[in-house]
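Asks: Supplied structure: run28.csv, CSV, C-alpha atoms.
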chain,number,residue,atom,x,y,z
Y,177,MET,CA,43.3,-83.9,7.1
Y,178,LEU,CA,43.7,-86.9,4.7
Y,179,VAL,CA,46.4,-89.4,5.8
Y,180,VAL,CA,48.1,-91.5,3.1
Y,181,ASP,CA,48.4,-95.2,3.8
Y,182,LYS,CA,52.2,-95.8,3.6
Y,183,GLY,CA,51.8,-99.5,2.9
Y,184,LEU,CA,49.5,-98.9,-0.1
Y,185,GLN,CA,51.7,-96.1,-1.2
Y,186,LYS,CA,54.8,-98.4,-1.2
Y,187,LEU,CA,52.9,-101.0,-3.3
Y,188,LEU,CA,51.8,-98.4,-5.8
Y,189,LYS,CA,55.4,-97.2,-6.2
Y,190,ASN,CA,56.4,-100.8,-7.0
Y,191,VAL,CA,53.7,-100.8,-9.7
Y,192,ASN,CA,55.1,-97.4,-11.0
Y,193,LEU,CA,58.6,-98.8,-11.2
Y,194,SER,CA,57.4,-101.8,-13.2
Y,195,LEU,CA,55.5,-99.6,-15.6
Y,196,ARG,CA,58.4,-97.2,-16.0
Y,197,ASP,CA,60.7,-100.0,-17.0
Y,198,ARG,CA,58.0,-101.2,-19.4
Y,199,THR,CA,57.7,-97.9,-21.2
Y,200,LEU,CA,61.4,-97.5,-21.4
Y,201,ASN,CA,61.6,-100.7,-23.5
Y,202,TYR,CA,58.9,-99.6,-26.0
Y,203,PRO,CA,60.0,-99.3,-29.7
Y,204,SER,CA,60.5,-95.7,-30.6
Y,205,ARG,CA,57.6,-93.6,-31.7
Y,206,GLU,CA,59.1,-93.0,-35.1
Y,207,ALA,CA,59.8,-96.7,-35.6
Y,208,ILE,CA,56.1,-97.6,-34.8
Y,209,ARG,CA,54.8,-94.9,-37.1
Y,210,GLN,CA,57.0,-96.1,-40.0
Y,211,TYR,CA,55.9,-99.7,-39.4
Y,212,LEU,CA,52.2,-98.7,-39.3
Y,213,GLY,CA,52.6,-96.6,-42.4
Y,214,LYS,CA,54.2,-99.4,-44.4
Y,215,LYS,CA,52.1,-102.4,-43.1
Y,216,VAL,CA,48.9,-101.2,-41.6
Y,217,GLY,CA,47.5,-97.9,-42.8
Y,218,ILE,CA,48.1,-94.3,-43.8
Y,219,PHE,CA,48.4,-91.2,-41.6
Y,220,HIS,CA,46.2,-88.3,-42.7
Y,221,LYS,CA,45.8,-84.7,-41.8
Y,222,PRO,CA,42.3,-83.7,-42.9
Y,223,ALA,CA,41.7,-80.4,-44.7
Y,224,PRO,CA,39.7,-77.8,-42.7
Y,225,LEU,CA,36.0,-78.2,-43.1
Y,226,LYS,CA,34.5,-75.7,-45.5
Y,227,ALA,CA,30.9,-74.5,-45.7
Y,228,ASN,CA,30.5,-75.9,-49.2
Y,229,THR,CA,31.9,-79.3,-48.1
Y,230,LEU,CA,29.4,-79.5,-45.2
Y,231,GLU,CA,26.6,-78.5,-47.6
Y,232,ALA,CA,27.6,-81.3,-49.9
Y,233,LEU,CA,27.7,-83.8,-47.1
Y,234,ALA,CA,24.5,-82.8,-45.4
Y,235,GLY,CA,22.3,-81.8,-48.4
Y,236,GLY,CA,20.1,-79.8,-46.1
Y,237,ARG,CA,19.6,-82.8,-43.7
Y,238,PRO,CA,20.3,-82.7,-40.0
Y,239,LEU,CA,22.9,-84.6,-37.9
Y,240,LEU,CA,21.6,-87.1,-35.4
Y,241,GLY,CA,23.2,-88.1,-32.0
Y,242,VAL,CA,22.2,-91.3,-30.2
Y,243,ASP,CA,23.1,-92.4,-26.7
Y,244,GLY,CA,21.6,-94.3,-23.7
Y,245,SER,CA,21.9,-94.4,-20.0
Y,246,VAL,CA,21.1,-97.0,-17.3
Y,247,HIS,CA,21.2,-96.4,-13.5
Y,248,SER,CA,20.9,-99.3,-11.1
Y,249,TYR,CA,19.8,-99.0,-7.5
Y,250,GLY,CA,19.6,-101.6,-4.8
Y,251,ALA,CA,21.5,-103.5,-2.2
Y,252,THR,CA,21.7,-107.2,-3.3
Y,253,PHE,CA,20.5,-109.3,-6.2
Y,254,PRO,CA,17.7,-109.8,-7.1
Y,255,HIS,CA,16.4,-106.6,-5.4
Y,256,ILE,CA,18.1,-104.1,-7.8
Y,257,ILE,CA,16.1,-101.8,-10.0
Y,258,HIS,CA,17.5,-100.8,-13.3
Y,259,CYS,CA,16.1,-97.7,-15.1
Y,260,PHE,CA,16.9,-97.1,-18.7
Y,261,ARG,CA,16.7,-94.0,-21.0
Y,262,ALA,CA,17.7,-93.6,-24.6
Y,263,LEU,CA,17.8,-90.5,-26.7
Y,264,ALA,CA,18.1,-89.7,-30.4
Y,265,ALA,CA,18.3,-85.9,-31.1
Y,266,ALA,CA,18.6,-84.0,-34.3
Y,267,THR,CA,20.5,-80.7,-34.8
Y,268,THR,CA,17.3,-79.1,-36.1
Y,269,SER,CA,16.1,-78.5,-32.6
Y,270,ALA,CA,17.2,-78.4,-28.9
Y,271,VAL,CA,18.6,-81.7,-27.7
Y,272,GLU,CA,15.8,-81.9,-25.1
Y,273,ASN,CA,13.2,-82.1,-28.0
Y,274,GLY,CA,14.6,-85.3,-29.3
Y,275,ILE,CA,13.1,-88.8,-29.2
Y,276,PHE,CA,13.3,-90.4,-25.7
Y,277,GLN,CA,12.4,-94.0,-24.8
Y,278,VAL,CA,12.5,-95.4,-21.3
Y,279,ASP,CA,12.4,-98.9,-19.8
Y,280,LEU,CA,12.8,-100.6,-16.4
Y,281,PHE,CA,14.1,-104.0,-15.3
Y,282,TYR,CA,13.6,-105.6,-11.9
Y,283,PRO,CA,14.5,-109.3,-11.6
Y,284,GLU,CA,11.6,-110.1,-9.3
Y,285,MET,CA,8.9,-109.1,-11.7
Y,286,ALA,CA,7.5,-112.2,-13.5
Y,287,PRO,CA,8.3,-111.1,-17.1
Y,288,HIS,CA,11.8,-110.0,-16.1
Y,289,ARG,CA,12.4,-113.3,-14.2
Y,290,ARG,CA,11.4,-115.2,-17.4
Y,291,GLU,CA,14.0,-113.1,-19.4
Y,292,ILE,CA,16.7,-114.2,-16.9
Y,293,GLU,CA,15.6,-117.8,-17.1
Y,294,GLU,CA,15.7,-117.7,-21.0
Y,295,MET,CA,19.1,-116.1,-20.9
Y,296,VAL,CA,20.4,-118.9,-18.6
Y,297,SER,CA,18.8,-121.5,-20.9
Y,298,ARG,CA,20.4,-120.1,-24.1
Y,299,ALA,CA,23.8,-120.0,-22.4
Y,300,ALA,CA,23.4,-123.6,-21.3
Y,301,ALA,CA,22.6,-124.6,-24.8
Y,302,ASP,CA,25.9,-123.0,-25.9
Y,303,GLY,CA,27.8,-124.9,-23.1
Y,304,GLU,CA,28.1,-121.9,-20.8
Y,305,VAL,CA,27.1,-121.9,-17.2
Y,306,LEU,CA,25.5,-118.6,-16.3
Y,307,THR,CA,24.2,-117.7,-12.8
Y,308,PRO,CA,20.9,-115.8,-12.5
Y,309,GLU,CA,22.8,-112.7,-11.4
Y,310,ALA,CA,25.2,-112.9,-14.4
Y,311,ALA,CA,22.2,-113.5,-16.7
Y,312,ALA,CA,20.5,-110.4,-15.3
Y,313,ALA,CA,23.6,-108.3,-16.0
Y,314,ARG,CA,23.6,-109.5,-19.6
Y,315,VAL,CA,19.9,-108.7,-19.9
Y,316,VAL,CA,20.6,-105.2,-18.7
Y,317,ARG,CA,23.2,-104.6,-21.3
Y,318,GLN,CA,20.9,-106.1,-24.0
Y,319,LYS,CA,18.0,-103.9,-23.0
Y,320,LEU,CA,20.1,-100.7,-23.2
Y,321,ALA,CA,21.4,-101.6,-26.6
Y,322,VAL,CA,17.9,-102.4,-27.9
Y,323,LEU,CA,16.6,-99.1,-26.6
Y,324,GLU,CA,19.3,-97.1,-28.3
Y,325,ILE,CA,18.8,-98.8,-31.6
Y,326,GLU,CA,15.0,-98.3,-31.4
Y,327,VAL,CA,15.3,-94.5,-30.9
Y,328,ALA,CA,17.8,-94.4,-33.7
Y,329,ILE,CA,15.4,-96.2,-36.1
Y,330,GLU,CA,12.5,-93.9,-35.1
Y,331,ALA,CA,14.7,-90.8,-35.5
Y,332,VAL,CA,16.1,-91.8,-38.9
Y,333,ARG,CA,12.5,-92.3,-40.2
Y,334,ARG,CA,11.3,-89.0,-38.6
Y,335,TYR,CA,14.3,-86.6,-39.2
Y,336,GLN,CA,15.9,-88.0,-42.4
Y,337,PRO,CA,19.4,-87.2,-41.2
Y,338,PHE,CA,22.5,-87.3,-43.3
Y,339,ALA,CA,24.5,-88.9,-40.5
Y,340,VAL,CA,24.0,-90.6,-37.1
Y,341,LEU,CA,26.6,-90.4,-34.4
Y,342,PHE,CA,26.4,-93.3,-31.8
Y,343,ASP,CA,28.2,-93.0,-28.4
Y,344,GLY,CA,30.2,-96.2,-28.6
Y,345,GLY,CA,31.3,-98.8,-31.1
Y,346,PHE,CA,29.1,-101.1,-33.3
Y,347,LEU,CA,30.2,-104.5,-31.9
Y,348,ARG,CA,28.1,-104.0,-28.9
Y,349,TYR,CA,24.9,-103.5,-30.9
Y,350,GLY,CA,25.6,-106.4,-33.3
Y,351,GLY,CA,26.4,-108.7,-30.4
Y,352,LEU,CA,23.6,-107.7,-28.0
Y,353,ALA,CA,20.7,-106.8,-30.3
Y,354,PRO,CA,21.5,-108.4,-33.7
Y,355,SER,CA,17.9,-108.3,-35.1
Y,356,GLN,CA,17.3,-104.7,-34.3
Y,357,TRP,CA,20.8,-103.7,-35.4
Y,358,GLN,CA,20.2,-105.4,-38.8
Y,359,THR,CA,17.0,-103.4,-39.2
Y,360,TYR,CA,18.8,-100.2,-38.5
Y,361,ARG,CA,21.6,-101.1,-40.8
Y,362,GLU,CA,19.3,-101.8,-43.7
Y,363,LEU,CA,17.3,-98.7,-43.1
Y,364,SER,CA,20.2,-96.3,-42.8
Y,365,LEU,CA,22.0,-97.7,-45.9
Y,366,ALA,CA,18.8,-97.6,-47.9
Y,367,ARG,CA,18.4,-93.9,-47.0
Y,368,ASP,CA,22.1,-93.0,-47.6
Y,369,VAL,CA,22.6,-92.2,-43.9
Y,370,MET,CA,26.2,-92.3,-42.7
Y,371,SER,CA,26.6,-94.1,-39.4
Y,372,VAL,CA,29.5,-93.4,-37.1
Y,373,GLY,CA,30.3,-95.1,-33.8
Y,374,VAL,CA,32.4,-92.8,-31.8
Y,375,ILE,CA,34.6,-94.7,-29.3
Y,376,GLU,CA,36.1,-92.6,-26.5
Y,377,GLU,CA,37.9,-95.5,-24.7
Y,378,VAL,CA,39.7,-97.7,-27.3
Y,379,GLY,CA,39.5,-101.2,-26.0
Y,380,THR,CA,40.6,-103.3,-29.0
Y,381,PHE,CA,43.8,-105.4,-29.2
Y,382,ASP,CA,44.3,-106.0,-32.9
Y,383,LEU,CA,46.8,-103.3,-33.8
Y,384,ALA,CA,48.8,-104.0,-30.6
Y,385,ARG,CA,49.1,-107.7,-31.4
Y,386,TYR,CA,50.0,-107.0,-35.0
Y,387,VAL,CA,52.8,-104.5,-34.1
Y,388,SER,CA,54.2,-106.2,-31.0
Y,389,GLY,CA,55.3,-109.3,-32.9
Y,390,SER,CA,57.3,-107.1,-35.3
Y,391,PHE,CA,59.7,-105.7,-32.7
Y,392,PRO,CA,61.5,-108.7,-31.1
Y,393,GLY,CA,63.1,-107.8,-27.7
Y,394,ALA,CA,60.9,-104.8,-27.2
Y,395,THR,CA,58.1,-104.5,-24.7
Y,396,SER,CA,54.8,-105.9,-26.2
Y,397,PHE,CA,51.8,-103.6,-26.2
Y,398,GLY,CA,48.9,-104.9,-24.2
Y,399,CYS,CA,46.2,-103.0,-26.1
Y,400,ASP,CA,45.6,-100.5,-28.9
Y,401,ARG,CA,45.1,-97.7,-26.4
Y,402,GLU,CA,48.6,-98.3,-25.0
Y,403,LEU,CA,50.1,-98.5,-28.5
Y,404,LEU,CA,48.5,-95.4,-29.9
Y,405,PHE,CA,48.8,-93.1,-26.9
Y,406,GLY,CA,50.9,-90.1,-28.1
Y,407,LEU,CA,51.5,-91.8,-31.5
Y,408,LEU,CA,49.3,-89.5,-33.6
Y,409,ASP,CA,49.9,-85.8,-34.0
Y,410,ARG,CA,47.1,-83.5,-33.1
Y,411,GLY,CA,44.5,-83.4,-35.9
Y,412,GLU,CA,45.7,-86.6,-37.4
Y,413,TRP,CA,44.0,-89.9,-38.2
Y,414,LEU,CA,45.1,-93.3,-39.1
Y,415,ALA,CA,43.2,-95.0,-42.0
Y,416,ILE,CA,43.5,-98.8,-41.8
Y,417,ARG,CA,44.0,-100.5,-45.2
Y,418,GLU,CA,40.9,-102.2,-46.4
Y,419,GLY,CA,42.7,-105.6,-46.7
Y,420,LEU,CA,43.3,-105.6,-42.9
Y,421,LYS,CA,39.7,-106.0,-41.5
Y,422,PHE,CA,40.0,-105.9,-37.7
Y,423,LYS,CA,36.2,-106.0,-37.4
Y,424,LYS,CA,34.6,-108.2,-39.9
Y,425,THR,CA,31.6,-106.2,-41.0
Y,426,TYR,CA,32.8,-102.8,-39.8
Y,427,TYR,CA,35.5,-100.4,-40.8
Y,428,THR,CA,37.5,-98.8,-38.0
Y,429,CYS,CA,40.0,-95.9,-38.0
Y,430,PHE,CA,41.8,-94.1,-35.2
Y,431,ALA,CA,42.1,-90.4,-34.7
Y,432,ARG,CA,43.4,-87.6,-32.4
Y,433,PRO,CA,41.0,-84.7,-33.0
Y,434,GLY,CA,42.1,-82.6,-30.0
Y,435,ARG,CA,45.0,-81.8,-27.7
Y,436,HIS,CA,44.8,-85.0,-25.6
Y,437,PRO,CA,47.5,-87.5,-26.6
Y,438,GLY,CA,45.1,-90.4,-26.4
Y,439,VAL,CA,43.1,-91.5,-29.5
Y,440,VAL,CA,39.5,-92.1,-30.2
Y,441,ALA,CA,38.2,-94.7,-32.8
Y,442,TYR,CA,35.4,-94.4,-35.3
Y,443,ASP,CA,33.4,-97.4,-36.5
Y,444,PHE,CA,31.6,-97.3,-39.9
Y,445,PHE,CA,29.7,-99.9,-41.9
Y,446,GLN,CA,32.0,-101.6,-44.3
Y,447,GLU,CA,29.7,-100.6,-47.2
Y,448,GLN,CA,30.4,-96.9,-46.4
Y,449,SER,CA,34.2,-97.2,-45.9
Y,450,ARG,CA,34.9,-95.3,-49.2
Y,451,GLN,CA,33.2,-92.2,-47.7
Y,452,VAL,CA,35.1,-92.1,-44.5
Y,453,ALA,CA,37.7,-89.6,-45.6
Y,454,LYS,CA,34.9,-87.1,-46.5
Y,455,PHE,CA,33.4,-87.4,-43.0
Y,456,ILE,CA,36.6,-87.2,-40.9
Y,457,PRO,CA,36.9,-83.4,-41.3
Y,458,LEU,CA,33.3,-83.0,-40.1
Y,459,LEU,CA,34.0,-85.1,-37.0
Y,460,PHE,CA,37.1,-83.1,-36.2
Y,461,ALA,CA,35.3,-79.8,-36.7
Y,462,LEU,CA,32.6,-80.9,-34.3
Y,463,THR,CA,35.0,-82.0,-31.6
Y,464,PRO,CA,36.3,-79.4,-29.1
Y,465,LEU,CA,40.2,-79.2,-29.1
Y,466,GLY,CA,40.4,-79.4,-25.3
Y,467,GLY,CA,37.7,-82.0,-24.9
Y,468,ARG,CA,37.7,-85.8,-24.5
Y,469,GLY,CA,37.5,-86.5,-28.2
Y,470,ILE,CA,33.8,-86.6,-28.6
Y,471,PRO,CA,31.8,-84.4,-31.0
Y,472,HIS,CA,30.0,-81.6,-29.1
Y,473,TRP,CA,26.5,-82.6,-30.3
Y,474,LEU,CA,27.1,-86.2,-29.0
Y,475,ASP,CA,28.2,-84.7,-25.7
Y,476,LEU,CA,25.0,-82.7,-25.4
Y,477,VAL,CA,23.0,-85.9,-26.1
Y,478,ASP,CA,25.0,-87.8,-23.4
Y,479,ASN,CA,24.3,-85.0,-20.9
Y,480,ALA,CA,20.6,-84.9,-21.6
Y,481,VAL,CA,20.0,-88.6,-21.5
Y,482,ARG,CA,22.0,-89.4,-18.4
Y,483,ILE,CA,20.1,-90.7,-15.4
Y,484,ARG,CA,21.8,-89.2,-12.4
Y,485,ARG,CA,21.8,-90.5,-8.8
Y,486,SER,CA,19.7,-87.6,-7.6
Y,487,GLU,CA,17.1,-88.3,-10.2
Y,488,MET,CA,17.1,-92.0,-9.5
Y,489,GLU,CA,16.5,-91.4,-5.8
Y,490,LEU,CA,13.7,-89.0,-6.5
Y,491,LEU,CA,12.1,-91.5,-8.8
Y,492,LEU,CA,12.3,-94.2,-6.1
Y,493,ALA,CA,11.0,-91.9,-3.4
Y,494,THR,CA,8.0,-90.9,-5.5
Y,495,GLY,CA,7.4,-94.3,-7.1
Y,496,LEU,CA,7.9,-96.7,-4.2
Y,497,ASP,CA,6.3,-96.9,-0.8
Y,498,LYS,CA,8.9,-95.9,1.9
Y,499,GLY,CA,8.6,-99.3,3.7
Y,500,VAL,CA,9.1,-101.3,0.5
Y,501,ARG,CA,12.1,-99.1,-0.5
Y,502,GLU,CA,13.8,-99.4,2.8
Y,503,ARG,CA,13.1,-103.1,3.2
Y,504,LEU,CA,14.4,-104.2,-0.2
Y,505,PHE,CA,16.5,-101.5,-1.9
Y,506,VAL,CA,18.3,-99.1,0.4
Y,507,PRO,CA,21.8,-100.3,1.0
Y,508,LYS,CA,22.9,-100.3,4.7
Y,509,ARG,CA,26.1,-98.4,3.7
Y,510,GLU,CA,23.9,-95.3,3.1
Y,511,GLY,CA,23.3,-95.2,6.8
Y,512,ARG,CA,27.0,-95.1,7.8
Y,513,ILE,CA,27.8,-92.6,10.5
Y,514,LEU,CA,31.5,-92.3,9.7
Written as structure tokens, that's how I'd like the structure from this file.
Replies:
Amino acid sequence: MLVVDKGLQKLLKNVNLSLRDRTLNYPSREAIRQYLGKKVGIFHKPAPLKANTLEALAGGRPLLGVDGSVHSYGATFPHIIHCFRALAAATTSAVENGIFQVDLFYPEMAPHRREIEEMVSRAAADGEVLTPEAAAARVVRQKLAVLEIEVAIEAVRRYQPFAVLFDGGFLRYGGLAPSQWQTYRELSLARDVMSVGVIEEVGTFDLARYVSGSFPGATSFGCDRELLFGLLDRGEWLAIREGLKFKKTYYTCFARPGRHPGVVAYDFFQEQSRQVAKFIPLLFALTPLGGRGIPHWLDLVDNAVRIRRSEMELLLATGLDKGVRERLFVPKREGRIL
């Protein structure tokens, strides 16, 4: 029988009281909607997607979904192995038949150690002090971004899609892999491919900061997720006015495609912002009403690419000698009796 720690429970109740007071002091939902409608953007309800609309968008070309996965295993740095897998899959075939790419990163291998050293040096040149462990974490994020972009580039060339859905926003790609991202950007725009970054967890702050200063005395919103929760009606999206560029080279809008009161965000290239309204009905049609706000095809790609713990353990068991594995990688916590 599970026993609840009374001390921790009391502390959590204090947090709950603080948050309850915070929410009671929010501006009203209607006041925020009116302000956003006047100053920030326009609330839309897209028309249902029709067969001829889809045909006009697709032109006989498939839809592409892109996602990546990394699974790390080990006890302490530097003895941590990171396995990567990225997938780009087109709707013309089963998701498992898409383009896969894999990679591995282990800080103690010579080429990977050099990558860490280079990352530390670049940071130092920018006046940033970076430990080898922190540098390795940055390399891991970079490798995953590069791998996802590479499969996207290959898939655009092979499948000639009309649109590409990425699992996540565009800022990560531009920040971590600028050269590869620029190659993808130029290729997709040249081939009239619509690119959409589907953001499940909205992590921006721009709208919240913009709105909070306009309601003196009311509780300020800490982030856009907090501001927008429950603000949009089901099947509604908020188009940000073009003059308010929250992301310099991208256009972002917010949407509630399903029943959940939280919103998702969609990133687009600024050059394609005029086409966004045509694609929103497609994104809504592809997204299950009771889901987490992600188009179904992208969810299938996510499921197929994910490296699960059981797979990682099997890979290590078959790829590493038992003595090496136990000496360097197996955490002691896995041997706990209780």
Asks: How close does each residue of stretch 241-273 of chain Y get to stretch 356-375 of chain Y, giving the shortest atom pair and distance in Å to one decimal for every residue with an atom at most 12 Å away, counting only C-alpha atoms, sorted by chain and residue number, as a Markdown table?
Replies:
| residue | atom | partner | partner_atom | distance |
| --- | --- | --- | --- | --- |
| Y:Gly241 | CA | Y:Val372 | CA | 9.7 |
| Y:Val242 | CA | Y:Gly373 | CA | 9.6 |
| Y:Asp243 | CA | Y:Gly373 | CA | 10.5 |
Asks: Can you check which parts of stretch 381-487 of chain Y lie within 10 Å of stretch 217-239 of chain Y? Per residue, the shortest pair of atoms and distance in Å to one decimal, counting all atoms listed in the file, sorted by chain and number, as CSV.
Replies:
residue,atom,partner,partner_atom,distance
Y:Leu408,CA,Y:Phe219,CA,8.2
Y:Asp409,CA,Y:Lys221,CA,8.9
Y:Arg410,CA,Y:Lys221,CA,8.9
Y:Gly411,CA,Y:Lys221,CA,6.2
Y:Glu412,CA,Y:Lys221,CA,4.8
Y:Trp413,CA,Y:His220,CA,5.3
Y:Leu414,CA,Y:Phe219,CA,4.6
Y:Ala415,CA,Y:Gly217,CA,5.2
Y:Ile416,CA,Y:Gly217,CA,4.2
Y:Arg417,CA,Y:Gly217,CA,5.0
Y:Glu418,CA,Y:Gly217,CA,8.7
Y:Gly419,CA,Y:Gly217,CA,9.9
Y:Leu420,CA,Y:Gly217,CA,8.8
Y:Cys429,CA,Y:Gly217,CA,9.1
Y:Phe430,CA,Y:Phe219,CA,9.6
Y:Ala431,CA,Y:His220,CA,9.2
Y:Ala453,CA,Y:Pro222,CA,8.0
Y:Lys454,CA,Y:Leu233,CA,7.9
Y:Phe455,CA,Y:Leu233,CA,7.9
Y:Ile456,CA,Y:Pro222,CA,7.0
Y:Pro457,CA,Y:Leu225,CA,5.6
Y:Leu458,CA,Y:Leu225,CA,6.3
Y:Leu459,CA,Y:Leu225,CA,9.4
Y:Phe460,CA,Y:Pro222,CA,8.5
Y:Ala461,CA,Y:Leu225,CA,6.6
Y:Leu462,CA,Y:Leu225,CA,9.8
Y:Trp473,CA,Y:Leu239,CA,8.6
Y:Leu474,CA,Y:Leu239,CA,10.0
Asks: With only C-alpha atoms as the basis for distance, which of Y:Ala300, Y:Leu200, Y:Leu492, Y:Val316 is at the shortest distance from Y:Phe260?
Replies: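 For Y:Phe260, the nearest of the candidates is Y:Val316.
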Asks: Between Y:Asp181, Y:Arg196, Y:Ala321, Y:Pro203, single out the one closest to Y:Thr395, counting only C-alpha atoms.
Replies: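 That would be Y:Pro203, the residue with the smallest distance to Y:Thr395.
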Asks: Point out the residue among Y:Asp400, Y:Gly434, Y:Tyr386, Y:Arg482 with the least atom-to-atom distance to Y:Lys215, counting all atoms listed in the file.
Replies: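 Distance minimum relative to Y:Lys215 lands on Y:Tyr386.
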Asks: Compare Y:Gly250, Y:Ile292, Y:Ala286, Y:Glu402 by their minimum atom-to-atom distance to Y:Ser388, counting all atoms listed in the file, and give me the closest one.
Replies: Y:Glu402
Asks: So how far away is atom CA of Y:Leu320 from atom CA of Y:Ile257, in Å?
Replies: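 Taking atom CA of Y:Ile257 and atom CA of Y:Leu320, their separation equals 13.8 Å.
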Asks: Atom CA of Y:Tyr249 to atom CA of Y:His288: how many Å, to one decimal?
Replies: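 Atom CA of Y:His288 lies at a distance of 16.1 Å from atom CA of Y:Tyr249.
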